[in-house]
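Student: Structure supplied as upload-v6.cif; contents: mmCIF, C-alpha atoms; chains and numbers go by the auth columns.
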```cif
data_model
#
loop_
_atom_site.group_PDB
_atom_site.id
_atom_site.type_symbol
_atom_site.label_atom_id
_atom_site.label_comp_id
_atom_site.label_asym_id
_atom_site.label_seq_id
_atom_site.Cartn_x
_atom_site.Cartn_y
_atom_site.Cartn_z
_atom_site.B_iso_or_equiv
_atom_site.auth_seq_id
_atom_site.auth_asym_id
ATOM 1 C CA ASN A 1 2.805 17.903 -17.932 0.00 1 N
ATOM 2 C CA GLY A 2 3.241 15.782 -14.821 0.00 2 N
ATOM 3 C CA HIS A 3 6.983 15.255 -15.287 0.00 3 N
ATOM 4 C CA MET A 4 7.606 18.989 -15.563 0.00 4 N
ATOM 5 C CA ALA A 5 5.545 19.628 -12.426 0.00 5 N
ATOM 6 C CA VAL A 6 7.537 17.044 -10.468 0.00 6 N
ATOM 7 C CA GLN A 7 10.811 18.569 -11.679 0.00 7 N
ATOM 8 C CA GLU A 8 9.650 22.068 -10.741 0.00 8 N
ATOM 9 C CA ASN A 9 8.733 20.859 -7.254 0.00 9 N
ATOM 10 C CA GLU A 10 12.121 19.160 -6.869 0.00 10 N
ATOM 11 C CA ASP A 11 13.884 22.327 -7.975 0.00 11 N
ATOM 12 C CA MET A 12 11.819 24.368 -5.534 0.00 12 N
ATOM 13 C CA GLN A 13 12.635 21.884 -2.768 0.00 13 N
ATOM 14 C CA ALA A 14 16.344 22.214 -3.515 0.00 14 N
ATOM 15 C CA GLN A 15 16.106 26.010 -3.320 0.00 15 N
ATOM 16 C CA LEU A 16 14.174 25.828 -0.070 0.00 16 N
ATOM 17 C CA LEU A 17 16.744 23.455 1.388 0.00 17 N
ATOM 18 C CA ALA A 18 19.636 25.765 0.516 0.00 18 N
ATOM 19 C CA ALA A 19 17.786 28.737 2.000 0.00 19 N
ATOM 20 C CA ALA A 20 16.732 26.827 5.133 0.00 20 N
ATOM 21 C CA LEU A 21 20.122 25.392 6.103 0.00 21 N
ATOM 22 C CA PRO A 22 21.470 28.603 7.698 0.00 22 N
ATOM 23 C CA HIS A 23 18.345 28.735 9.862 0.00 23 N
ATOM 24 C CA VAL A 24 18.339 25.038 10.789 0.00 24 N
ATOM 25 C CA ALA A 25 21.401 25.518 13.011 0.00 25 N
ATOM 26 C CA PHE A 26 19.325 27.821 15.237 0.00 26 N
ATOM 27 C CA ASP A 27 15.749 26.619 14.829 0.00 27 N
ATOM 28 C CA GLY A 28 16.154 22.999 13.722 0.00 28 N
ATOM 29 C CA TRP A 29 14.126 21.373 10.978 0.00 29 N
ATOM 30 C CA SER A 30 11.067 23.342 11.992 0.00 30 N
ATOM 31 C CA GLU A 31 8.249 25.439 10.617 0.00 31 N
ATOM 32 C CA THR A 32 10.224 28.493 11.729 0.00 32 N
ATOM 33 C CA SER A 33 13.158 27.519 9.502 0.00 33 N
ATOM 34 C CA LEU A 34 10.875 26.765 6.573 0.00 34 N
ATOM 35 C CA ARG A 35 9.100 30.097 6.850 0.00 35 N
ATOM 36 C CA ALA A 36 12.441 31.901 7.087 0.00 36 N
ATOM 37 C CA ALA A 37 13.537 30.135 3.897 0.00 37 N
ATOM 38 C CA CYS A 38 10.331 31.242 2.194 0.00 38 N
ATOM 39 C CA GLN A 39 11.007 34.817 3.242 0.00 39 N
ATOM 40 C CA ASP A 40 14.584 34.640 1.953 0.00 40 N
ATOM 41 C CA LEU A 41 13.330 33.351 -1.412 0.00 41 N
ATOM 42 C CA SER A 42 10.416 35.796 -1.507 0.00 42 N
ATOM 43 C CA ILE A 43 7.846 33.042 -1.948 0.00 43 N
ATOM 44 C CA THR A 44 4.666 32.292 -0.041 0.00 44 N
ATOM 45 C CA ARG A 45 4.270 29.446 2.401 0.00 45 N
ATOM 46 C CA GLN A 46 1.550 28.093 0.112 0.00 46 N
ATOM 47 C CA MET A 47 4.037 27.860 -2.755 0.00 47 N
ATOM 48 C CA ALA A 48 6.489 26.024 -0.521 0.00 48 N
ATOM 49 C CA ALA A 49 3.772 23.514 0.376 0.00 49 N
ATOM 50 C CA LEU A 50 3.790 22.272 -3.217 0.00 50 N
ATOM 51 C CA ALA A 51 7.409 21.136 -2.802 0.00 51 N
ATOM 52 C CA CYS A 52 7.194 20.259 0.902 0.00 52 N
ATOM 53 C CA PRO A 53 3.678 19.045 1.660 0.00 53 N
ATOM 54 C CA ARG A 54 4.717 17.799 5.122 0.00 54 N
ATOM 55 C CA GLY A 55 6.712 20.881 5.930 0.00 55 N
ATOM 56 C CA ALA A 56 10.293 21.004 7.183 0.00 56 N
ATOM 57 C CA ILE A 57 10.622 17.238 7.573 0.00 57 N
ATOM 58 C CA ASP A 58 10.537 16.986 3.783 0.00 58 N
ATOM 59 C CA LEU A 59 13.593 19.256 3.706 0.00 59 N
ATOM 60 C CA ALA A 60 15.369 17.110 6.295 0.00 60 N
ATOM 61 C CA ILE A 61 14.693 14.017 4.184 0.00 61 N
ATOM 62 C CA ARG A 62 15.886 15.800 1.032 0.00 62 N
ATOM 63 C CA PHE A 63 19.065 16.792 2.874 0.00 63 N
ATOM 64 C CA HIS A 64 19.700 13.132 3.739 0.00 64 N
ATOM 65 C CA HIS A 65 19.005 11.928 0.207 0.00 65 N
ATOM 66 C CA ASP A 66 21.335 14.585 -1.224 0.00 66 N
ATOM 67 C CA GLY A 67 24.092 13.188 0.991 0.00 67 N
ATOM 68 C CA ASP A 68 23.351 9.690 -0.317 0.00 68 N
ATOM 69 C CA GLU A 69 23.580 10.945 -3.894 0.00 69 N
ATOM 70 C CA ALA A 70 26.923 12.663 -3.222 0.00 70 N
ATOM 71 C CA MET A 71 28.263 9.432 -1.709 0.00 71 N
ATOM 72 C CA GLN A 72 27.003 7.464 -4.705 0.00 72 N
ATOM 73 C CA ILE A 73 28.928 9.699 -7.092 0.00 73 N
ATOM 74 C CA VAL A 74 32.155 9.151 -5.143 0.00 74 N
ATOM 75 C CA LEU A 75 31.639 5.386 -5.091 0.00 75 N
ATOM 76 C CA GLN A 76 30.910 5.287 -8.818 0.00 76 N
ATOM 77 C CA LYS A 77 34.114 7.165 -9.559 0.00 77 N
ATOM 78 C CA THR A 78 36.272 4.954 -7.326 0.00 78 N
ATOM 79 C CA ASP A 79 37.682 1.579 -8.328 0.00 79 N
ATOM 80 C CA THR A 80 37.205 -0.586 -5.238 0.00 80 N
ATOM 81 C CA SER A 81 37.752 -3.938 -6.973 0.00 81 N
ATOM 82 C CA ALA A 82 41.078 -4.527 -5.231 0.00 82 N
ATOM 83 C CA MET A 83 39.664 -3.732 -1.779 0.00 83 N
ATOM 84 C CA LYS A 84 38.521 -6.315 0.733 0.00 84 N
ATOM 85 C CA ILE A 85 34.902 -6.178 1.836 0.00 85 N
ATOM 86 C CA ARG A 86 35.745 -4.452 5.112 0.00 86 N
ATOM 87 C CA GLU A 87 37.843 -1.855 3.252 0.00 87 N
ATOM 88 C CA LYS A 88 34.968 -1.172 0.862 0.00 88 N
ATOM 89 C CA ILE A 89 32.572 -0.687 3.774 0.00 89 N
ATOM 90 C CA THR A 90 34.983 1.620 5.599 0.00 90 N
ATOM 91 C CA PHE A 91 35.594 3.669 2.456 0.00 91 N
ATOM 92 C CA SER A 92 31.859 3.932 1.758 0.00 92 N
ATOM 93 C CA VAL A 93 30.912 5.070 5.263 0.00 93 N
ATOM 94 C CA ARG A 94 33.682 7.657 5.188 0.00 94 N
ATOM 95 C CA ALA A 95 32.484 8.852 1.792 0.00 95 N
ATOM 96 C CA ARG A 96 28.966 9.247 3.187 0.00 96 N
ATOM 97 C CA LEU A 97 30.119 11.288 6.155 0.00 97 N
ATOM 98 C CA ASP A 98 32.459 13.377 3.996 0.00 98 N
ATOM 99 C CA ALA A 99 29.461 14.197 1.803 0.00 99 N
ATOM 100 C CA ILE A 100 27.713 16.009 4.663 0.00 100 N
ATOM 101 C CA ARG A 101 27.702 19.727 4.086 0.00 101 N
ATOM 102 C CA ASP A 102 26.480 20.811 7.502 0.00 102 N
ATOM 103 C CA LYS A 103 27.167 18.877 10.710 0.00 103 N
ATOM 104 C CA GLU A 104 24.672 20.923 12.717 0.00 104 N
ATOM 105 C CA ALA A 105 21.938 20.049 10.215 0.00 105 N
ATOM 106 C CA VAL A 106 22.678 16.361 10.836 0.00 106 N
ATOM 107 C CA ARG A 107 22.577 16.920 14.593 0.00 107 N
ATOM 108 C CA ARG A 108 19.209 18.616 14.282 0.00 108 N
ATOM 109 C CA GLY A 109 18.020 15.871 11.961 0.00 109 N
ATOM 110 C CA ALA A 110 18.984 13.190 14.465 0.00 110 N
ATOM 111 C CA THR A 111 16.940 15.023 17.100 0.00 111 N
ATOM 112 C CA LEU A 112 13.966 15.246 14.749 0.00 112 N
ATOM 113 C CA MET A 113 14.091 11.585 13.737 0.00 113 N
ATOM 114 C CA ALA A 114 14.369 10.515 17.366 0.00 114 N
ATOM 115 C CA LEU A 115 10.816 11.721 17.961 0.00 115 N
ATOM 116 C CA PRO A 116 8.362 8.808 18.170 0.00 116 N
ATOM 117 C CA GLN A 117 6.322 9.962 15.182 0.00 117 N
ATOM 118 C CA HIS A 118 9.425 10.086 12.963 0.00 118 N
ATOM 119 C CA ALA A 119 11.533 7.225 14.361 0.00 119 N
ATOM 120 C CA ALA A 120 10.434 4.700 11.729 0.00 120 N
ATOM 121 C CA GLU A 121 11.157 7.137 8.925 0.00 121 N
ATOM 122 C CA GLY A 122 14.574 7.929 10.391 0.00 122 N
ATOM 123 C CA ALA A 123 15.408 4.230 10.572 0.00 123 N
ATOM 124 C CA GLY A 124 14.264 3.900 6.966 0.00 124 N
ATOM 125 C CA LEU A 125 16.653 6.639 5.865 0.00 125 N
ATOM 126 C CA VAL A 126 19.595 4.903 7.543 0.00 126 N
ATOM 127 C CA TRP A 127 18.544 1.584 6.024 0.00 127 N
ATOM 128 C CA GLY A 128 18.379 3.245 2.606 0.00 128 N
ATOM 129 C CA THR A 129 21.903 4.616 2.986 0.00 129 N
ATOM 130 C CA CYS A 130 23.256 1.209 3.976 0.00 130 N
ATOM 131 C CA ASP A 131 21.386 -0.488 1.146 0.00 131 N
ATOM 132 C CA ARG A 132 23.043 1.928 -1.297 0.00 132 N
ATOM 133 C CA ILE A 133 26.443 1.122 0.170 0.00 133 N
ATOM 134 C CA TRP A 134 26.008 -2.638 -0.139 0.00 134 N
ATOM 135 C CA ALA A 135 24.626 -2.307 -3.667 0.00 135 N
ATOM 136 C CA ALA A 136 27.474 -0.004 -4.715 0.00 136 N
ATOM 137 C CA ILE A 137 30.148 -2.448 -3.574 0.00 137 N
ATOM 138 C CA GLY A 138 28.541 -5.343 -5.448 0.00 138 N
ATOM 139 C CA ASP A 139 26.394 -7.170 -2.901 0.00 139 N
ATOM 140 C CA SER A 140 23.827 -9.477 -4.455 0.00 140 N
ATOM 141 C CA SER A 141 22.821 -11.764 -1.604 0.00 141 N
ATOM 142 C CA ALA A 142 19.299 -13.069 -2.080 0.00 142 N
ATOM 143 C CA ASP A 143 18.585 -14.709 1.263 0.00 143 N
ATOM 144 C CA VAL A 144 18.552 -13.682 4.909 0.00 144 N
ATOM 145 C CA ASN A 145 22.066 -12.260 4.438 0.00 145 N
ATOM 146 C CA TRP A 146 20.500 -9.426 2.416 0.00 146 N
ATOM 147 C CA TYR A 147 18.692 -8.289 5.542 0.00 147 N
ATOM 148 C CA THR A 148 21.304 -9.072 8.173 0.00 148 N
ATOM 149 C CA LYS A 149 24.076 -7.239 6.333 0.00 149 N
ATOM 150 C CA ARG A 150 21.971 -4.100 6.016 0.00 150 N
ATOM 151 C CA LEU A 151 20.810 -4.339 9.609 0.00 151 N
ATOM 152 C CA THR A 152 24.376 -4.789 10.861 0.00 152 N
ATOM 153 C CA LEU A 153 25.705 -1.934 8.748 0.00 153 N
ATOM 154 C CA SER A 154 22.826 0.282 9.887 0.00 154 N
ATOM 155 C CA SER A 155 23.960 -0.281 13.467 0.00 155 N
ATOM 156 C CA VAL A 156 27.593 0.473 12.609 0.00 156 N
ATOM 157 C CA TYR A 157 26.666 3.531 10.557 0.00 157 N
ATOM 158 C CA SER A 158 24.315 4.969 13.188 0.00 158 N
ATOM 159 C CA ALA A 159 26.881 4.566 15.964 0.00 159 N
ATOM 160 C CA THR A 160 29.577 6.147 13.803 0.00 160 N
ATOM 161 C CA VAL A 161 27.392 9.149 12.936 0.00 161 N
ATOM 162 C CA LEU A 162 26.658 9.765 16.620 0.00 162 N
ATOM 163 C CA TYR A 163 30.366 9.566 17.435 0.00 163 N
ATOM 164 C CA TRP A 164 31.188 11.842 14.475 0.00 164 N
ATOM 165 C CA LEU A 165 28.753 14.485 15.712 0.00 165 N
ATOM 166 C CA GLY A 166 30.791 14.905 18.890 0.00 166 N
ATOM 167 C CA ASP A 167 34.224 14.467 17.315 0.00 167 N
ATOM 168 C CA ASN A 168 36.461 17.544 17.227 0.00 168 N
ATOM 169 C CA SER A 169 39.687 15.711 16.380 0.00 169 N
ATOM 170 C CA PRO A 170 41.705 16.870 13.315 0.00 170 N
ATOM 171 C CA ASN A 171 40.068 15.565 10.134 0.00 171 N
ATOM 172 C CA HIS A 172 37.752 13.467 12.327 0.00 172 N
ATOM 173 C CA GLN A 173 40.542 10.974 12.862 0.00 173 N
ATOM 174 C CA ASP A 174 38.984 9.713 16.085 0.00 174 N
ATOM 175 C CA THR A 175 35.807 8.885 14.164 0.00 175 N
ATOM 176 C CA TRP A 176 37.675 6.788 11.615 0.00 176 N
ATOM 177 C CA THR A 177 39.388 4.907 14.450 0.00 177 N
ATOM 178 C CA PHE A 178 35.984 4.337 16.049 0.00 178 N
ATOM 179 C CA LEU A 179 34.622 3.081 12.712 0.00 179 N
ATOM 180 C CA ASP A 180 37.533 0.660 12.330 0.00 180 N
ATOM 181 C CA ARG A 181 36.789 -0.773 15.783 0.00 181 N
ATOM 182 C CA ARG A 182 33.097 -1.225 15.021 0.00 182 N
ATOM 183 C CA ILE A 183 33.844 -3.027 11.780 0.00 183 N
ATOM 184 C CA GLU A 184 36.412 -5.202 13.554 0.00 184 N
ATOM 185 C CA ASN A 185 33.678 -6.172 16.025 0.00 185 N
ATOM 186 C CA VAL A 186 31.513 -7.280 13.114 0.00 186 N
ATOM 187 C CA MET A 187 34.366 -9.224 11.531 0.00 187 N
ATOM 188 C CA GLN A 188 35.021 -11.060 14.794 0.00 188 N
ATOM 189 C CA PHE A 189 31.345 -11.988 15.003 0.00 189 N
ATOM 190 C CA GLU A 190 31.431 -13.302 11.425 0.00 190 N
ATOM 191 C CA LYS A 191 34.435 -15.455 12.328 0.00 191 N
ATOM 192 C CA PHE A 192 32.564 -16.741 15.384 0.00 192 N
ATOM 193 C CA LYS A 193 29.593 -17.679 13.210 0.00 193 N
ATOM 194 C CA ALA A 194 31.900 -19.519 10.822 0.00 194 N
ATOM 195 C CA GLN A 195 33.400 -21.469 13.739 0.00 195 N
ATOM 196 C CA VAL A 196 29.932 -22.391 15.017 0.00 196 N
ATOM 197 C CA ASN A 197 28.826 -23.557 11.581 0.00 197 N
ATOM 198 C CA ALA A 198 31.986 -25.681 11.299 0.00 198 N
ATOM 199 C CA ASN A 199 31.244 -27.462 14.564 0.00 199 N
ATOM 200 C CA PRO A 200 29.345 -30.733 13.808 0.00 200 N
ATOM 201 C CA LEU A 201 27.310 -30.597 17.016 0.00 201 N
ATOM 202 C CA ALA A 202 26.385 -26.937 16.571 0.00 202 N
ATOM 203 C CA LYS A 203 25.533 -27.631 12.949 0.00 203 N
ATOM 204 C CA GLN A 204 23.008 -30.264 14.046 0.00 204 N
ATOM 205 C CA LEU A 205 21.484 -27.974 16.670 0.00 205 N
ATOM 206 C CA LEU A 206 21.146 -25.164 14.124 0.00 206 N
ATOM 207 C CA ALA A 207 19.780 -27.318 11.325 0.00 207 N
ATOM 208 C CA GLY A 208 16.187 -26.227 11.987 0.00 208 N
ATOM 209 C CA PRO A 209 16.835 -22.486 12.379 0.00 209 N
ATOM 210 C CA ASN A 210 19.173 -22.461 9.369 0.00 210 N
ATOM 211 C CA TRP A 211 16.535 -24.186 7.238 0.00 211 N
ATOM 212 C CA LEU A 212 13.967 -21.582 8.262 0.00 212 N
ATOM 213 C CA LEU A 213 16.333 -18.702 7.526 0.00 213 N
ATOM 214 C CA SER A 214 17.163 -20.204 4.133 0.00 214 N
ATOM 215 C CA LYS A 215 13.522 -19.702 3.141 0.00 215 N
ATOM 216 C CA ILE A 216 13.770 -15.939 3.640 0.00 216 N
ATOM 217 C CA LYS A 217 14.338 -14.206 0.342 0.00 217 N
ATOM 218 C CA ALA A 218 15.580 -10.717 -0.371 0.00 218 N
ATOM 219 C CA PRO A 219 13.421 -8.361 -2.458 0.00 219 N
ATOM 220 C CA SER A 220 13.015 -9.540 -6.030 0.00 220 N
ATOM 221 C CA CYS A 221 14.892 -6.498 -7.331 0.00 221 N
ATOM 222 C CA VAL A 222 18.157 -7.865 -5.914 0.00 222 N
ATOM 223 C CA PRO A 223 20.295 -9.483 -8.668 0.00 223 N
ATOM 224 C CA THR A 224 21.376 -13.100 -8.312 0.00 224 N
ATOM 225 C CA VAL A 225 25.032 -12.807 -9.325 0.00 225 N
ATOM 226 C CA ASP A 226 27.286 -14.934 -7.089 0.00 226 N
ATOM 227 C CA LEU A 227 29.125 -12.387 -4.971 0.00 227 N
ATOM 228 C CA PRO A 228 30.308 -12.404 -1.322 0.00 228 N
ATOM 229 C CA GLY A 229 27.455 -13.392 0.961 0.00 229 N
ATOM 230 C CA ASN A 230 28.820 -12.195 4.299 0.00 230 N
ATOM 231 C CA TRP A 231 31.279 -9.725 5.766 0.00 231 N
ATOM 232 C CA SER A 232 34.030 -12.237 6.417 0.00 232 N
ATOM 233 C CA ARG A 233 34.464 -13.263 2.784 0.00 233 N
ATOM 234 C CA ARG A 234 37.673 -11.798 1.330 0.00 234 N
ATOM 235 C CA SER A 235 38.308 -9.961 4.580 0.00 235 N
#
```
Re-express the file's structure as structure tokens.
Tutor:
Amino acid sequence: NGHMAVQENEDMQAQLLAAALPHVAFDGWSETSLRAACQDLSITRQMAALACPRGAIDLAIRFHHDGDEAMQIVLQKTDTSAMKIREKITFSVRARLDAIRDKEAVRRGATLMALPQHAAEGAGLVWGTCDRIWAAIGDSSADVNWYTKRLTLSSVYSATVLYWLGDNSPNHQDTWTFLDRRIENVMQFEKFKAQVNANPLAKQLLAGPNWLLSKIKAPSCVPTVDLPGNWSRRS
């Protein structure tokens, strides 16, 4: 049936990914790597097309999603209830980077997703990772905050990944310091926003824009439980 076919294709994709990774370091997420994986698994390129209809980019996307899943497992097993929001974010980003099995595969993936034809998809993958992080730590904002928090975290996450790719410090300690600084920048901006909103004159000037932003709603799938609505809460 259809479910079995989908599962078989996912299993085949996982096998192709495992076989392709050793080749990705040399040939990137390319047709060359995919064909080498097919040869290693003794399958035809036509068979591989069933699991990867768009070729090697499907493997690169699967590699990213596998990292998201590994992070999700860590977050589900960790009690973060006593952590502040900034601590939860830091822990989650570290968990995502620790879940990466192959740094060179990420480097090659960043190169691939930087191409104009894949840039939107690459941004979507980062957004998806950050959405998972916010959801895992209990975010339920249902207004413009839903978007701004994911956009801000996407910026922090992307910058941290790029720094991490060039970091040779023991246990990536320099990366974690860099991440702390980026999150501190965000926290300072949140405090600045709070100060602006507390200023009577600024509040009047922003009445129109704030009203407009209040009309923006997050996707309907987002729950409406009253939880922290911005980074500075409980920080």
Student: Atom CA of Arg107 of chain N to atom CA of Gln76 of chain N: how many Å, to one decimal?
Tutor: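 Interatomic distance, atom CA of Arg107 of chain N to atom CA of Gln76 of chain N: 27.4 Å.
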Student: Would you work out the distance separating atom CA of Trp176 of chain N from atom CA of Leu151 of chain N, expressed in Å to one decimal?
Tutor: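 Computing it gives 20.3 Å between the two atoms.
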Student: Would you kindly return, as a list in words, each protein, DNA or RNA residue with an atom no farther than 9 Å from any atom of Ile57 of chain N, considering all atoms listed in the file and excluding same-chain residues fewer than 4 positions away?
Tutor: Trp29, Ser30, Cys52, Ile61, Arg62, Gly109 and Leu112 of chain N
Student: Hey, can you spit out that residue selection with C-alpha atoms as a compact mmCIF listing (two decimals), keeping the file's coordinate frame?
Tutor:
```
# COMPACT_ATOMS: atom_id res chain seq x y z
CA TRP N 29 14.13 21.37 10.98
CA SER N 30 11.07 23.34 11.99
CA CYS N 52 7.19 20.26 0.90
CA ILE N 61 14.69 14.02 4.18
CA ARG N 62 15.89 15.80 1.03
CA GLY N 109 18.02 15.87 11.96
CA LEU N 112 13.97 15.25 14.75
```
Student: Out of N:Ala120, N:Leu34, N:Leu41, N:Val126, which residue has the shortest atom-to-atom distance to Gly55 of chain N when counting only C-alpha atoms?
Tutor: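 Among N:Ala120, N:Leu34, N:Leu41, N:Val126, it is N:Leu34 that comes nearest to Gly55 of chain N.
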Student: For this file, the PyMOL selection byres ((chain N and resi 5-19) around 8) selects which residues, as a list of chain:residue names?
Tutor: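 On this input, the PyMOL selection byres ((chain N and resi 5-19) around 8) captures N:Asn1, N:Gly2, N:His3, N:Met4, N:Ala20, N:Leu21, N:Pro22, N:His23, N:Leu34, N:Ala37, N:Cys38, N:Asp40, N:Leu41, N:Ala48, N:Leu50, N:Ala51, N:Cys52, N:Leu59, N:Arg62, N:Phe63.
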Student: Work out how far atom CA of Asp131 of chain N is from atom CA of Pro219 of chain N, in Å to one decimal.
Tutor: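 Rounded to one decimal, the two atoms are 11.8 Å apart.
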Student: Quick one: of N:Ala95, N:Gln39, N:Ala218, N:Glu121, who's nearest to Ala142 of chain N, counting all atoms listed in the file?
Tutor: N:Ala218
Student: May I have the protein, DNA and RNA residues with any atom at most 10 Å from the point (17.3, 9.1, 16.8), counting only C-alpha atoms, written as a PDB file with C-alpha atoms, in the frame of the given file?
Tutor:
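New file part_29.pdb:
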```pdb
ATOM      1  CA  ARG N 107      22.577  16.920  14.593  1.00  0.00           C
ATOM      2  CA  GLY N 109      18.020  15.871  11.961  1.00  0.00           C
ATOM      3  CA  ALA N 110      18.984  13.190  14.465  1.00  0.00           C
ATOM      4  CA  THR N 111      16.940  15.023  17.100  1.00  0.00           C
ATOM      5  CA  LEU N 112      13.966  15.246  14.749  1.00  0.00           C
ATOM      6  CA  MET N 113      14.091  11.585  13.737  1.00  0.00           C
ATOM      7  CA  ALA N 114      14.369  10.515  17.366  1.00  0.00           C
ATOM      8  CA  LEU N 115      10.816  11.721  17.961  1.00  0.00           C
ATOM      9  CA  PRO N 116       8.362   8.808  18.170  1.00  0.00           C
ATOM     10  CA  HIS N 118       9.425  10.086  12.963  1.00  0.00           C
ATOM     11  CA  ALA N 119      11.533   7.225  14.361  1.00  0.00           C
ATOM     12  CA  ALA N 120      10.434   4.700  11.729  1.00  0.00           C
ATOM     13  CA  GLY N 122      14.574   7.929  10.391  1.00  0.00           C
ATOM     14  CA  ALA N 123      15.408   4.230  10.572  1.00  0.00           C
ATOM     15  CA  SER N 158      24.315   4.969  13.188  1.00  0.00           C
ATOM     16  CA  LEU N 162      26.658   9.765  16.620  1.00  0.00           C
TER      17      LEU N 162
END
```
Student: Could you list the residues chosen by the PyMOL selection byres ((chain N and resi 78) around 12) in this structure as a VMD selection string?
Tutor: chain N and resid 71 to 77 79 to 83 88 91 to 92 95 136 to 137
Student: Pick from N:Asp58, N:Glu31, N:Glu87, N:Asp102: nearest to Asp180 of chain N, with all atoms listed in the file counted?
Tutor: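 Among N:Asp58, N:Glu31, N:Glu87, N:Asp102, it is N:Glu87 that comes nearest to Asp180 of chain N.
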Student: Just want the 10 Å neighbourhood of Thr152 of chain N, counted on only C-alpha atoms, with same-chain residues fewer than 5 positions away dropped. Output as a PyMOL selection string.
Tutor: chain N and resi 127+130+147+157+183+186+231
Student: Of the candidates N:Leu97, N:Glu104, N:Lys191, N:Tyr163, which shows the shortest atom-to-atom distance to Gly28 of chain N, using only C-alpha atoms?
Tutor: N:Glu104
Student: Skip Asp68 of chain N itself and residues of its chain fewer than 4 positions away, then list as a PyMOL selection string all residues within 8 Å of it, counting all atoms listed in the file.
Tutor: chain N and resi 64+72+96+99+129+132
Student: Go ahead and write the residues just picked, C-alpha atoms, as an mmCIF file, in the frame of the given file.
Tutor:
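Below you can see again-v7.cif, which holds the result:
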```
data_model
loop_
_atom_site.group_PDB
_atom_site.id
_atom_site.type_symbol
_atom_site.label_atom_id
_atom_site.label_comp_id
_atom_site.auth_asym_id
_atom_site.auth_seq_id
_atom_site.Cartn_x
_atom_site.Cartn_y
_atom_site.Cartn_z
ATOM 1 C CA HIS N 64 19.700 13.132 3.739
ATOM 2 C CA GLN N 72 27.003 7.464 -4.705
ATOM 3 C CA ARG N 96 28.966 9.247 3.187
ATOM 4 C CA ALA N 99 29.461 14.197 1.803
ATOM 5 C CA THR N 129 21.903 4.616 2.986
ATOM 6 C CA ARG N 132 23.043 1.928 -1.297
#
```
Student: May I have the residues within 9 Å of Thr160 of chain N as a PyMOL selection string, using only C-alpha atoms and disregarding those fewer than 6 positions away in the same chain?
Tutor: chain N and resi 93+175-176+178-179+182
Student: Write segment 119-129 of chain N as an mmCIF file, in the coordinates of the input, completed to N, CA, C and O atoms.
Tutor:
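And here's result.cif as it stands now:
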```cif
data_model
loop_
_atom_site.group_PDB
_atom_site.id
_atom_site.type_symbol
_atom_site.label_atom_id
_atom_site.label_comp_id
_atom_site.auth_asym_id
_atom_site.auth_seq_id
_atom_site.Cartn_x
_atom_site.Cartn_y
_atom_site.Cartn_z
ATOM 1 N N ALA N 119 10.473 8.218 14.138
ATOM 2 C CA ALA N 119 11.533 7.225 14.361
ATOM 3 C C ALA N 119 11.599 6.192 13.238
ATOM 4 O O ALA N 119 12.686 5.832 12.774
ATOM 5 N N ALA N 120 10.449 5.705 12.793
ATOM 6 C CA ALA N 120 10.434 4.700 11.729
ATOM 7 C C ALA N 120 10.999 5.269 10.440
ATOM 8 O O ALA N 120 11.753 4.596 9.724
ATOM 9 N N GLU N 121 10.650 6.515 10.146
ATOM 10 C CA GLU N 121 11.157 7.137 8.925
ATOM 11 C C GLU N 121 12.664 7.361 9.016
ATOM 12 O O GLU N 121 13.390 7.163 8.041
ATOM 13 N N GLY N 122 13.143 7.749 10.196
ATOM 14 C CA GLY N 122 14.574 7.929 10.391
ATOM 15 C C GLY N 122 15.325 6.626 10.207
ATOM 16 O O GLY N 122 16.377 6.588 9.548
ATOM 17 N N ALA N 123 14.780 5.539 10.747
ATOM 18 C CA ALA N 123 15.408 4.230 10.572
ATOM 19 C C ALA N 123 15.413 3.834 9.102
ATOM 20 O O ALA N 123 16.373 3.240 8.600
ATOM 21 N N GLY N 124 14.341 4.200 8.388
ATOM 22 C CA GLY N 124 14.264 3.900 6.966
ATOM 23 C C GLY N 124 15.320 4.643 6.164
ATOM 24 O O GLY N 124 15.867 4.106 5.192
ATOM 25 N N LEU N 125 15.624 5.867 6.557
ATOM 26 C CA LEU N 125 16.653 6.639 5.865
ATOM 27 C C LEU N 125 18.027 5.992 6.050
ATOM 28 O O LEU N 125 18.815 5.890 5.101
ATOM 29 N N VAL N 126 18.318 5.573 7.279
ATOM 30 C CA VAL N 126 19.595 4.903 7.543
ATOM 31 C C VAL N 126 19.675 3.598 6.769
ATOM 32 O O VAL N 126 20.703 3.274 6.166
ATOM 33 N N TRP N 127 18.584 2.845 6.775
ATOM 34 C CA TRP N 127 18.544 1.584 6.024
ATOM 35 C C TRP N 127 18.817 1.847 4.541
ATOM 36 O O TRP N 127 19.564 1.123 3.893
ATOM 37 N N GLY N 128 18.189 2.910 4.015
ATOM 38 C CA GLY N 128 18.379 3.245 2.606
ATOM 39 C C GLY N 128 19.827 3.574 2.286
ATOM 40 O O GLY N 128 20.351 3.172 1.233
ATOM 41 N N THR N 129 20.483 4.290 3.176
ATOM 42 C CA THR N 129 21.903 4.616 2.986
ATOM 43 C C THR N 129 22.734 3.334 2.953
ATOM 44 O O THR N 129 23.596 3.162 2.084
#
```
